[in-house]
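Student: So that you have it, the file is start17.cif, and it contains mmCIF, C-alpha atoms:
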data_query
#
loop_
_atom_site.label_atom_id
_atom_site.label_comp_id
_atom_site.auth_asym_id
_atom_site.auth_seq_id
_atom_site.Cartn_x
_atom_site.Cartn_y
_atom_site.Cartn_z
CA ASP A 640 -73.71 -10.25 38.22
CA GLY A 641 -75.52 -6.93 38.23
CA ALA A 642 -73.00 -5.33 35.86
CA LEU A 643 -72.95 -8.41 33.64
CA PHE A 644 -76.75 -8.39 33.48
CA TYR A 645 -76.77 -4.88 32.04
CA PHE A 646 -73.81 -5.68 29.78
CA TYR A 647 -75.59 -8.67 28.29
CA THR A 648 -79.16 -7.35 28.12
CA ASP A 649 -78.86 -3.61 27.42
CA THR A 650 -80.73 -2.59 24.27
CA VAL A 651 -79.22 -0.95 21.20
CA GLU A 652 -80.15 2.47 22.56
CA GLU A 653 -78.56 1.79 25.93
CA TYR A 654 -75.39 0.02 24.76
CA PRO A 655 -75.03 0.01 20.95
CA GLU A 656 -71.89 -2.19 20.98
CA GLY A 657 -73.34 -4.80 23.35
CA PRO A 658 -74.30 -8.42 22.70
CA HIS A 659 -78.01 -7.60 23.27
CA PHE A 660 -79.00 -10.91 24.80
CA THR A 661 -82.64 -11.36 25.68
CA ALA A 662 -83.64 -11.60 29.34
CA TYR A 663 -84.89 -15.13 28.57
CA PHE A 664 -81.46 -16.22 27.35
CA TYR A 665 -79.68 -14.61 30.31
CA THR A 666 -81.91 -16.18 32.93
CA THR A 667 -83.26 -19.43 31.46
CA ALA A 668 -80.67 -20.55 28.90
CA LEU A 669 -77.62 -19.64 30.96
CA GLY A 670 -79.31 -21.07 34.04
CA ALA A 671 -79.84 -24.35 32.20
CA GLY A 672 -76.21 -24.27 31.05
CA THR A 673 -75.09 -23.82 34.65
CA PHE A 674 -77.21 -26.77 35.75
CA LEU A 675 -75.87 -29.03 32.99
CA GLY A 676 -72.29 -28.06 33.78
CA VAL A 677 -72.74 -28.81 37.47
CA MET A 678 -74.37 -32.17 36.77
CA ALA A 679 -71.59 -33.12 34.34
CA GLY A 680 -69.02 -32.15 36.97
CA PHE A 681 -70.67 -34.22 39.68
CA LEU A 682 -70.97 -37.26 37.40
CA SER A 683 -67.42 -37.11 36.04
CA GLY A 684 -65.48 -35.78 39.03
CA ALA A 685 -65.84 -38.85 41.24
CA GLU A 686 -64.22 -41.07 38.63
CA LEU A 687 -61.62 -38.59 37.42
CA PHE A 688 -60.27 -37.59 40.83
CA LYS A 689 -60.81 -40.67 43.01
CA ALA A 690 -57.03 -41.22 43.32
CA TRP A 691 -56.05 -37.54 43.46
CA SER A 692 -55.01 -35.75 46.62
CA TYR A 693 -57.01 -32.80 47.92
CA ARG A 694 -54.12 -30.48 47.08
CA GLY A 695 -53.88 -31.79 43.53
CA ILE A 696 -57.59 -31.32 42.93
CA LEU A 697 -57.55 -27.78 44.31
CA LYS A 698 -54.44 -26.80 42.37
CA LEU A 699 -56.02 -27.96 39.13
CA THR A 700 -59.48 -26.54 39.71
CA ILE A 701 -58.26 -23.15 40.97
CA VAL A 702 -56.25 -22.68 37.78
CA LEU A 703 -59.02 -24.03 35.55
CA ARG A 704 -61.62 -21.83 37.25
CA ALA A 705 -59.46 -18.78 36.59
CA MET A 706 -59.23 -19.78 32.93
CA THR A 707 -62.98 -20.30 32.56
CA GLN A 708 -63.60 -16.90 34.15
CA LEU A 709 -61.12 -15.31 31.76
CA LEU A 710 -63.08 -16.73 28.82
CA LEU A 711 -65.51 -13.84 29.29
CA VAL A 712 -62.82 -11.21 28.74
CA PRO A 713 -62.94 -11.40 24.89
CA VAL A 714 -66.70 -10.82 25.12
CA LEU A 715 -66.29 -7.87 27.48
CA LEU A 716 -63.69 -6.32 25.19
CA ARG A 717 -65.99 -7.02 22.22
CA TRP A 718 -63.32 -9.06 20.42
CA THR A 719 -65.82 -11.84 19.76
CA ALA A 720 -68.08 -9.38 17.96
CA MET A 721 -65.19 -8.10 15.84
CA VAL A 722 -64.23 -11.60 14.77
CA GLY A 723 -67.82 -12.68 14.22
CA ILE A 724 -68.00 -15.49 16.79
CA PRO A 725 -71.58 -16.21 17.95
CA GLU A 726 -71.56 -14.71 21.42
CA THR A 727 -74.50 -16.72 22.71
CA LEU A 728 -72.52 -19.89 22.01
CA TRP A 729 -69.28 -18.48 23.47
CA VAL A 730 -70.91 -17.36 26.70
CA MET A 731 -72.89 -20.59 27.04
CA VAL A 732 -69.74 -22.71 26.69
CA ALA A 733 -67.88 -20.47 29.18
CA VAL A 734 -70.70 -20.77 31.73
CA MET A 735 -70.94 -24.55 31.34
CA LEU A 736 -67.17 -25.04 31.71
CA ASP A 737 -67.09 -22.76 34.74
CA SER A 738 -69.90 -24.73 36.39
CA LEU A 739 -68.16 -28.01 35.52
CA VAL A 740 -64.95 -26.98 37.26
CA PHE A 741 -66.93 -25.61 40.22
CA ALA A 742 -68.57 -29.03 40.68
CA TRP A 743 -65.21 -30.82 40.42
CA ARG A 744 -64.03 -28.81 43.42
CA TRP A 745 -67.27 -28.99 45.42
CA ILE A 746 -67.42 -32.74 46.05
CA PRO A 747 -63.80 -33.13 47.36
CA LYS A 748 -64.39 -30.12 49.62
CA GLN A 749 -67.45 -31.79 51.12
CA VAL A 750 -65.61 -35.11 51.48
CA MET A 751 -62.71 -33.41 53.26
CA GLY A 752 -65.13 -31.69 55.61
CA ALA A 753 -66.74 -35.03 56.42
CA HIS A 754 -63.36 -36.65 57.12
CA LEU A 755 -62.43 -33.76 59.43
CA THR A 756 -65.62 -34.02 61.46
CA PRO A 757 -65.27 -35.71 64.87
CA ARG A 758 -67.95 -38.28 65.58
CA GLY A 759 -70.97 -36.68 67.19
CA ALA A 760 -70.17 -33.17 65.94
CA GLU A 761 -71.62 -33.48 62.43
CA ALA A 762 -74.32 -30.85 62.88
CA THR A 763 -71.88 -28.39 64.44
CA MET A 764 -69.38 -28.85 61.63
CA LEU A 765 -72.10 -28.43 59.00
CA GLY A 766 -73.23 -25.21 60.65
CA LEU A 767 -69.66 -23.87 60.78
CA SER A 768 -69.05 -24.78 57.14
CA ALA A 769 -72.30 -23.21 55.96
CA GLY A 770 -71.66 -20.08 58.02
CA THR A 771 -68.13 -19.73 56.70
CA PHE A 772 -69.33 -20.17 53.12
CA ASN A 773 -72.09 -17.58 53.54
CA MET A 774 -69.69 -15.09 55.13
CA ALA A 775 -67.24 -15.57 52.26
CA MET A 776 -70.03 -14.98 49.72
CA ILE A 777 -71.05 -11.74 51.46
CA LEU A 778 -67.45 -10.50 51.67
CA SER A 779 -66.85 -11.35 48.01
CA SER A 780 -69.94 -9.32 47.08
CA TYR A 781 -68.55 -6.32 48.98
CA CYS A 782 -65.17 -6.71 47.28
CA GLY A 783 -66.83 -7.02 43.89
CA GLY A 784 -68.88 -3.90 44.52
CA PHE A 785 -65.75 -2.01 45.55
CA LEU A 786 -63.92 -3.05 42.35
CA LEU A 787 -66.88 -2.10 40.17
CA ASN A 788 -67.02 1.31 41.83
CA ARG A 789 -63.23 1.70 41.65
CA TYR A 790 -63.23 1.18 37.88
CA GLY A 791 -66.38 3.21 37.27
CA VAL A 792 -68.54 0.26 36.22
CA MET A 793 -71.98 1.49 37.31
CA PRO A 794 -74.53 0.66 34.60
CA ALA A 795 -78.23 1.18 35.27
CA GLY A 796 -79.95 0.56 31.95
CA ARG A 797 -79.66 4.21 30.91
CA ILE A 798 -79.61 5.45 27.33
CA GLY A 799 -76.03 5.67 25.99
CA GLU A 800 -74.17 4.05 28.88
CA THR A 801 -71.34 2.57 26.78
CA SER A 802 -68.70 4.24 28.94
CA ALA A 803 -70.04 2.43 32.02
CA PHE A 804 -68.64 -0.86 30.70
CA ALA A 805 -65.15 0.39 29.79
CA GLY A 806 -63.53 -1.06 32.92
CA LEU A 807 -65.65 -4.20 33.28
CA TRP A 808 -63.00 -6.43 31.73
CA LYS A 809 -60.48 -5.29 34.36
CA VAL A 810 -62.83 -6.28 37.16
CA GLN A 811 -63.38 -9.66 35.50
CA VAL A 812 -59.63 -10.28 35.23
CA LEU A 813 -59.03 -9.36 38.88
CA SER A 814 -61.91 -11.51 40.13
CA ALA A 815 -60.68 -14.44 38.02
CA LEU A 816 -57.05 -14.25 39.17
CA ALA A 817 -57.57 -13.34 42.85
CA PRO A 818 -58.36 -16.93 43.97
CA CYS A 819 -55.01 -18.04 42.53
CA ALA A 820 -53.39 -16.48 45.60
CA MET A 821 -54.69 -19.52 47.50
CA LEU A 822 -52.23 -21.71 45.59
CA PHE A 823 -49.46 -20.46 47.88
CA LEU A 824 -51.45 -21.39 51.01
CA LEU A 825 -52.46 -24.91 49.98
CA PRO A 826 -49.43 -26.66 51.56
CA ALA A 827 -50.24 -25.07 54.92
CA LEU A 828 -54.02 -25.44 54.84
CA ILE A 829 -54.88 -28.57 52.84
CA PRO A 830 -53.80 -32.14 53.72
CA ALA A 831 -51.79 -34.07 51.13
CA LYS A 832 -54.11 -37.08 51.24
CA SER A 833 -56.64 -38.62 48.90
CA GLN A 834 -60.41 -38.65 49.42
CA THR A 835 -60.33 -42.26 50.63
CA GLU A 836 -57.76 -41.72 53.39
CA PRO A 837 -58.79 -40.82 56.96
CA LEU A 838 -57.71 -37.40 58.17
CA LEU A 839 -58.32 -37.79 61.90
CA VAL A 840 -55.82 -40.52 62.77
CA GLU A 841 -54.25 -39.90 66.18
CA HIS A 842 -57.26 -38.34 67.95
CA ASN A 843 -60.42 -38.98 65.96
CA ASP A 844 -62.45 -37.10 68.56
CA SER A 845 -60.74 -33.78 67.73
CA ALA A 846 -60.43 -31.85 64.48
CA THR A 847 -57.81 -29.48 65.92
CA HIS A 848 -55.35 -31.86 67.59
CA GLY A 849 -51.78 -30.78 66.87
CA SER A 850 -52.84 -27.47 65.36
CA THR A 851 -50.87 -24.27 65.88
CA PHE A 852 -53.74 -22.86 67.92
CA GLU A 853 -53.66 -25.77 70.38
CA GLU A 854 -49.89 -25.60 70.67
CA LEU A 855 -50.05 -21.91 71.58
CA ARG A 856 -52.70 -22.41 74.27
#
Do you think you could lay out the structure here as structure tokens?
Tutor:
Amino acid sequence: DGALFYFYTDTVEEYPEGPHFTAYFYTTALGAGTFLGVMAGFLSGAELFKAWSYRGILKLTIVLRAMTQLLLVPVLLRWTAMVGIPETLWVMVAVMLDSLVFAWRWIPKQVMGAHLTPRGAEATMLGLSAGTFNMAMILSSYCGGFLLNRYGVMPAGRIGETSAFAGLWKVQVLSALAPCAMLFLLPALIPAKSQTEPLLVEHNDSATHGSTFEELR
């Protein structure tokens, strides 16, 4: 986000080829677009995916999320400016679609977590889920920082920093496609059941019964 902030909001002196968004558009307008996309996803996802399996939902949303992230690549390569497409509209649509797909995936994930929670351990499971999510966010920030440094993307709002954005599109492509690696792990990690089916059947007091870890103990 730090690199994208400078890419979008650098002035003509700092980045002559840039889109030159205002700080208001970057924070308020795109923030509103994110909110609308999430709300649309929450409202539509329950009806669209009520009969889908967890694996099916994740397969679709992982691929769609990669595509929505890749929508920014034409902007980063300045193709949209060459063609004359309004970049504020392009970025707004990309942000809204990305938030929509994010929301489609969020609700089934929460439902699956609830179905996998043994009775009486709700608070513990919530703490584990929140901690895992926070750890993943921190690790992804480190990985993103490494990629930005690896490709020399280190803007700082300096005069004439066009070269600092030369590799930004590569970082965007890698960050968009990296989650697709999870597609190969879905059969091993995600149950092939719908959101209305119970997941703890044999021993509903244990979320790890029959797991590899328990078998190796």
Student: With all atoms listed in the file as the counted atoms, please give the residues lying no more than 12 Å from Leu709 (chain A), apart from itself and same-chain residues fewer than 3 positions off, as a VMD selection string.
Tutor: chain A and resid 702 to 706 712 to 716 730 733 to 734 736 to 737 808 to 817
Student: Using only C-alpha atoms, find the one residue out of A:Leu643, A:Cys819, A:Ala795, A:Ala685 that sits nearest to Tyr665 (chain A).
Tutor: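 Residue with the minimum atom-to-atom distance to Tyr665 (chain A): A:Leu643.
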Student: What does the distance between CA of Tyr693 (chain A) and CA of Leu765 (chain A) come to in Å, to one decimal place?
Tutor: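 Rounded to one decimal, the two atoms are 19.2 Å apart.
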Student: Suppose a student applies the PyMOL selection byres ((chain A and resi 748-763) around 8) to this structure; what residues should they get, written as a PyMOL selection string?
Tutor: chain A and resi 693+744-747+764-767+834+837-839+843-846
Student: Using 6 Å of padding on each side, determine the axis-aligned box around all atoms of region 705-717 of chain A present in the file and give its centre and edge lengths in Å to one decimal, as lines of an AutoDock Vina configuration file.
Tutor:
center_x = -63.0
center_y = -13.3
center_z = 29.4
size_x = 19.5
size_y = 26.0
size_z = 26.4
Student: Measure the distance from CA of Ala803 (chain A) to CA of Thr727 (chain A) in Å and round it to one decimal.
Tutor: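 Distance between the two atoms: 21.8 Å.
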Student: Using all atoms listed in the file, which residues sit within 12 Å of Ala642 (chain A) once same-chain residues fewer than 6 positions away are excluded, as a short mmCIF file (atom, residue, chain, number, x, y, z; two decimals) with C-alpha atoms, keeping the file's coordinate frame?
Tutor:
data_model
loop_
_atom_site.label_atom_id
_atom_site.label_comp_id
_atom_site.auth_asym_id
_atom_site.auth_seq_id
_atom_site.Cartn_x
_atom_site.Cartn_y
_atom_site.Cartn_z
CA THR A 648 -79.16 -7.35 28.12
CA ASP A 649 -78.86 -3.61 27.42
CA LEU A 715 -66.29 -7.87 27.48
CA GLY A 783 -66.83 -7.02 43.89
CA GLY A 784 -68.88 -3.90 44.52
CA LEU A 786 -63.92 -3.05 42.35
CA LEU A 787 -66.88 -2.10 40.17
CA ASN A 788 -67.02 1.31 41.83
CA TYR A 790 -63.23 1.18 37.88
CA GLY A 791 -66.38 3.21 37.27
CA VAL A 792 -68.54 0.26 36.22
CA MET A 793 -71.98 1.49 37.31
CA PRO A 794 -74.53 0.66 34.60
CA ALA A 795 -78.23 1.18 35.27
CA GLY A 796 -79.95 0.56 31.95
CA GLU A 800 -74.17 4.05 28.88
CA ALA A 803 -70.04 2.43 32.02
CA PHE A 804 -68.64 -0.86 30.70
CA ALA A 805 -65.15 0.39 29.79
CA GLY A 806 -63.53 -1.06 32.92
CA LEU A 807 -65.65 -4.20 33.28
CA TRP A 808 -63.00 -6.43 31.73
CA VAL A 810 -62.83 -6.28 37.16
CA GLN A 811 -63.38 -9.66 35.50
#
Student: Any idea what the distance is between CA of Thr801 (chain A) and CA of Ile724 (chain A)?
Tutor: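 Separation between CA of Thr801 (chain A) and CA of Ile724 (chain A): 20.9 Å.
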Student: Pick out the closest residue to Val732 (chain A) from this set: A:Ile829, A:Leu710, A:Leu682, A:Cys782. Count all atoms listed in the file.
Tutor: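 For Val732 (chain A), the nearest of the candidates is A:Leu710.
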Student: Using only C-alpha atoms, can you tell me which of A:Thr835, A:Ser692, A:Thr847, A:Thr707 comes closest to Met735 (chain A)?
Tutor: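 Closest to Met735 (chain A), using only C-alpha atoms: A:Thr707.
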Student: Of the residues A:Ser738, A:Ser768, A:Thr719, A:Thr650, which is the one nearest to Leu669 (chain A), using all atoms listed in the file?
Tutor: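 Among the listed residues, A:Ser738 lies closest to Leu669 (chain A).
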Student: Can you turn the PyMOL selection byres ((chain A and resi 654) around 9) into a concrete residue list for this file, as a list of chain:residue names?
Tutor: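 Taken on the displayed file, the PyMOL selection byres ((chain A and resi 654) around 9) yields the residues A:Tyr645, A:Phe646, A:Thr648, A:Asp649, A:Thr650, A:Val651, A:Glu652, A:Glu653, A:Pro655, A:Glu656, A:Gly657, A:Pro658, A:His659, A:Gly796, A:Arg797, A:Ile798, A:Gly799, A:Glu800, A:Thr801, A:Ser802.
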Student: Carefully work through the PyMOL selection byres ((chain A and resi 826) around 12) for this structure and note down the residues it includes, as a ChimeraX atom specification.
Tutor: /A:692-695,697-698,821-825,827-832
Student: Because some atoms of region 691-720 of chain A are absent here, can you restore N, CA and C atoms and send them as an mmCIF file, in the coordinates of the input?
Tutor:
data_model
loop_
_atom_site.group_PDB
_atom_site.id
_atom_site.type_symbol
_atom_site.label_atom_id
_atom_site.label_comp_id
_atom_site.auth_asym_id
_atom_site.auth_seq_id
_atom_site.Cartn_x
_atom_site.Cartn_y
_atom_site.Cartn_z
ATOM 1 N N TRP A 691 -56.791 -38.794 43.306
ATOM 2 C CA TRP A 691 -56.050 -37.540 43.460
ATOM 3 C C TRP A 691 -56.054 -37.102 44.924
ATOM 4 N N SER A 692 -55.035 -36.346 45.292
ATOM 5 C CA SER A 692 -55.010 -35.750 46.620
ATOM 6 C C SER A 692 -55.854 -34.468 46.615
ATOM 7 N N TYR A 693 -56.242 -34.042 47.813
ATOM 8 C CA TYR A 693 -57.010 -32.800 47.920
ATOM 9 C C TYR A 693 -56.233 -31.629 47.327
ATOM 10 N N ARG A 694 -54.937 -31.586 47.602
ATOM 11 C CA ARG A 694 -54.120 -30.480 47.080
ATOM 12 C C ARG A 694 -54.085 -30.507 45.556
ATOM 13 N N GLY A 695 -53.932 -31.691 44.988
ATOM 14 C CA GLY A 695 -53.880 -31.790 43.530
ATOM 15 C C GLY A 695 -55.175 -31.328 42.892
ATOM 16 N N ILE A 696 -56.296 -31.723 43.478
ATOM 17 C CA ILE A 696 -57.590 -31.320 42.930
ATOM 18 C C ILE A 696 -57.754 -29.809 43.004
ATOM 19 N N LEU A 697 -57.391 -29.221 44.150
ATOM 20 C CA LEU A 697 -57.550 -27.780 44.310
ATOM 21 C C LEU A 697 -56.595 -27.001 43.412
ATOM 22 N N LYS A 698 -55.378 -27.478 43.270
ATOM 23 C CA LYS A 698 -54.440 -26.800 42.370
ATOM 24 C C LYS A 698 -54.993 -26.751 40.955
ATOM 25 N N LEU A 699 -55.490 -27.896 40.487
ATOM 26 C CA LEU A 699 -56.020 -27.960 39.130
ATOM 27 C C LEU A 699 -57.256 -27.097 38.965
ATOM 28 N N THR A 700 -58.203 -27.229 39.888
ATOM 29 C CA THR A 700 -59.480 -26.540 39.710
ATOM 30 C C THR A 700 -59.364 -25.029 39.934
ATOM 31 N N ILE A 701 -58.455 -24.593 40.798
ATOM 32 C CA ILE A 701 -58.260 -23.150 40.970
ATOM 33 C C ILE A 701 -57.756 -22.523 39.675
ATOM 34 N N VAL A 702 -56.793 -23.183 39.047
ATOM 35 C CA VAL A 702 -56.250 -22.680 37.780
ATOM 36 C C VAL A 702 -57.294 -22.750 36.677
ATOM 37 N N LEU A 703 -58.008 -23.881 36.593
ATOM 38 C CA LEU A 703 -59.020 -24.030 35.550
ATOM 39 C C LEU A 703 -60.163 -23.038 35.738
ATOM 40 N N ARG A 704 -60.539 -22.790 36.997
ATOM 41 C CA ARG A 704 -61.620 -21.830 37.250
ATOM 42 C C ARG A 704 -61.203 -20.431 36.826
ATOM 43 N N ALA A 705 -59.949 -20.083 37.044
ATOM 44 C CA ALA A 705 -59.460 -18.780 36.590
ATOM 45 C C ALA A 705 -59.539 -18.686 35.063
ATOM 46 N N MET A 706 -59.192 -19.784 34.393
ATOM 47 C CA MET A 706 -59.230 -19.780 32.930
ATOM 48 C C MET A 706 -60.652 -19.673 32.397
ATOM 49 N N THR A 707 -61.593 -20.378 33.025
ATOM 50 C CA THR A 707 -62.980 -20.300 32.560
ATOM 51 C C THR A 707 -63.561 -18.909 32.797
ATOM 52 N N GLN A 708 -63.149 -18.264 33.898
ATOM 53 C CA GLN A 708 -63.600 -16.900 34.150
ATOM 54 C C GLN A 708 -63.011 -15.924 33.133
ATOM 55 N N LEU A 709 -61.771 -16.176 32.736
ATOM 56 C CA LEU A 709 -61.120 -15.310 31.760
ATOM 57 C C LEU A 709 -61.700 -15.474 30.357
ATOM 58 N N LEU A 710 -62.446 -16.542 30.127
ATOM 59 C CA LEU A 710 -63.080 -16.730 28.820
ATOM 60 C C LEU A 710 -64.081 -15.621 28.500
ATOM 61 N N LEU A 711 -64.552 -14.926 29.517
ATOM 62 C CA LEU A 711 -65.510 -13.840 29.290
ATOM 63 C C LEU A 711 -64.825 -12.546 28.867
ATOM 64 N N VAL A 712 -63.523 -12.451 29.055
ATOM 65 C CA VAL A 712 -62.820 -11.210 28.740
ATOM 66 C C VAL A 712 -62.938 -10.835 27.258
ATOM 67 N N PRO A 713 -62.757 -11.779 26.298
ATOM 68 C CA PRO A 713 -62.940 -11.400 24.890
ATOM 69 C C PRO A 713 -64.338 -10.857 24.592
ATOM 70 N N VAL A 714 -65.340 -11.341 25.310
ATOM 71 C CA VAL A 714 -66.700 -10.820 25.120
ATOM 72 C C VAL A 714 -66.792 -9.404 25.671
ATOM 73 N N LEU A 715 -66.220 -9.195 26.846
ATOM 74 C CA LEU A 715 -66.290 -7.870 27.480
ATOM 75 C C LEU A 715 -65.519 -6.818 26.700
ATOM 76 N N LEU A 716 -64.455 -7.246 26.028
ATOM 77 C CA LEU A 716 -63.690 -6.320 25.190
ATOM 78 C C LEU A 716 -64.244 -6.232 23.775
ATOM 79 N N ARG A 717 -65.290 -6.996 23.503
ATOM 80 C CA ARG A 717 -65.990 -7.020 22.220
ATOM 81 C C ARG A 717 -65.153 -7.621 21.100
ATOM 82 N N TRP A 718 -64.123 -8.396 21.440
ATOM 83 C CA TRP A 718 -63.320 -9.060 20.420
ATOM 84 C C TRP A 718 -64.131 -10.115 19.681
ATOM 85 N N THR A 719 -64.999 -10.809 20.399
ATOM 86 C CA THR A 719 -65.820 -11.840 19.760
ATOM 87 C C THR A 719 -66.723 -11.233 18.689
ATOM 88 N N ALA A 720 -67.233 -10.034 18.953
ATOM 89 C CA ALA A 720 -68.080 -9.380 17.960
ATOM 90 C C ALA A 720 -67.277 -8.951 16.741
#
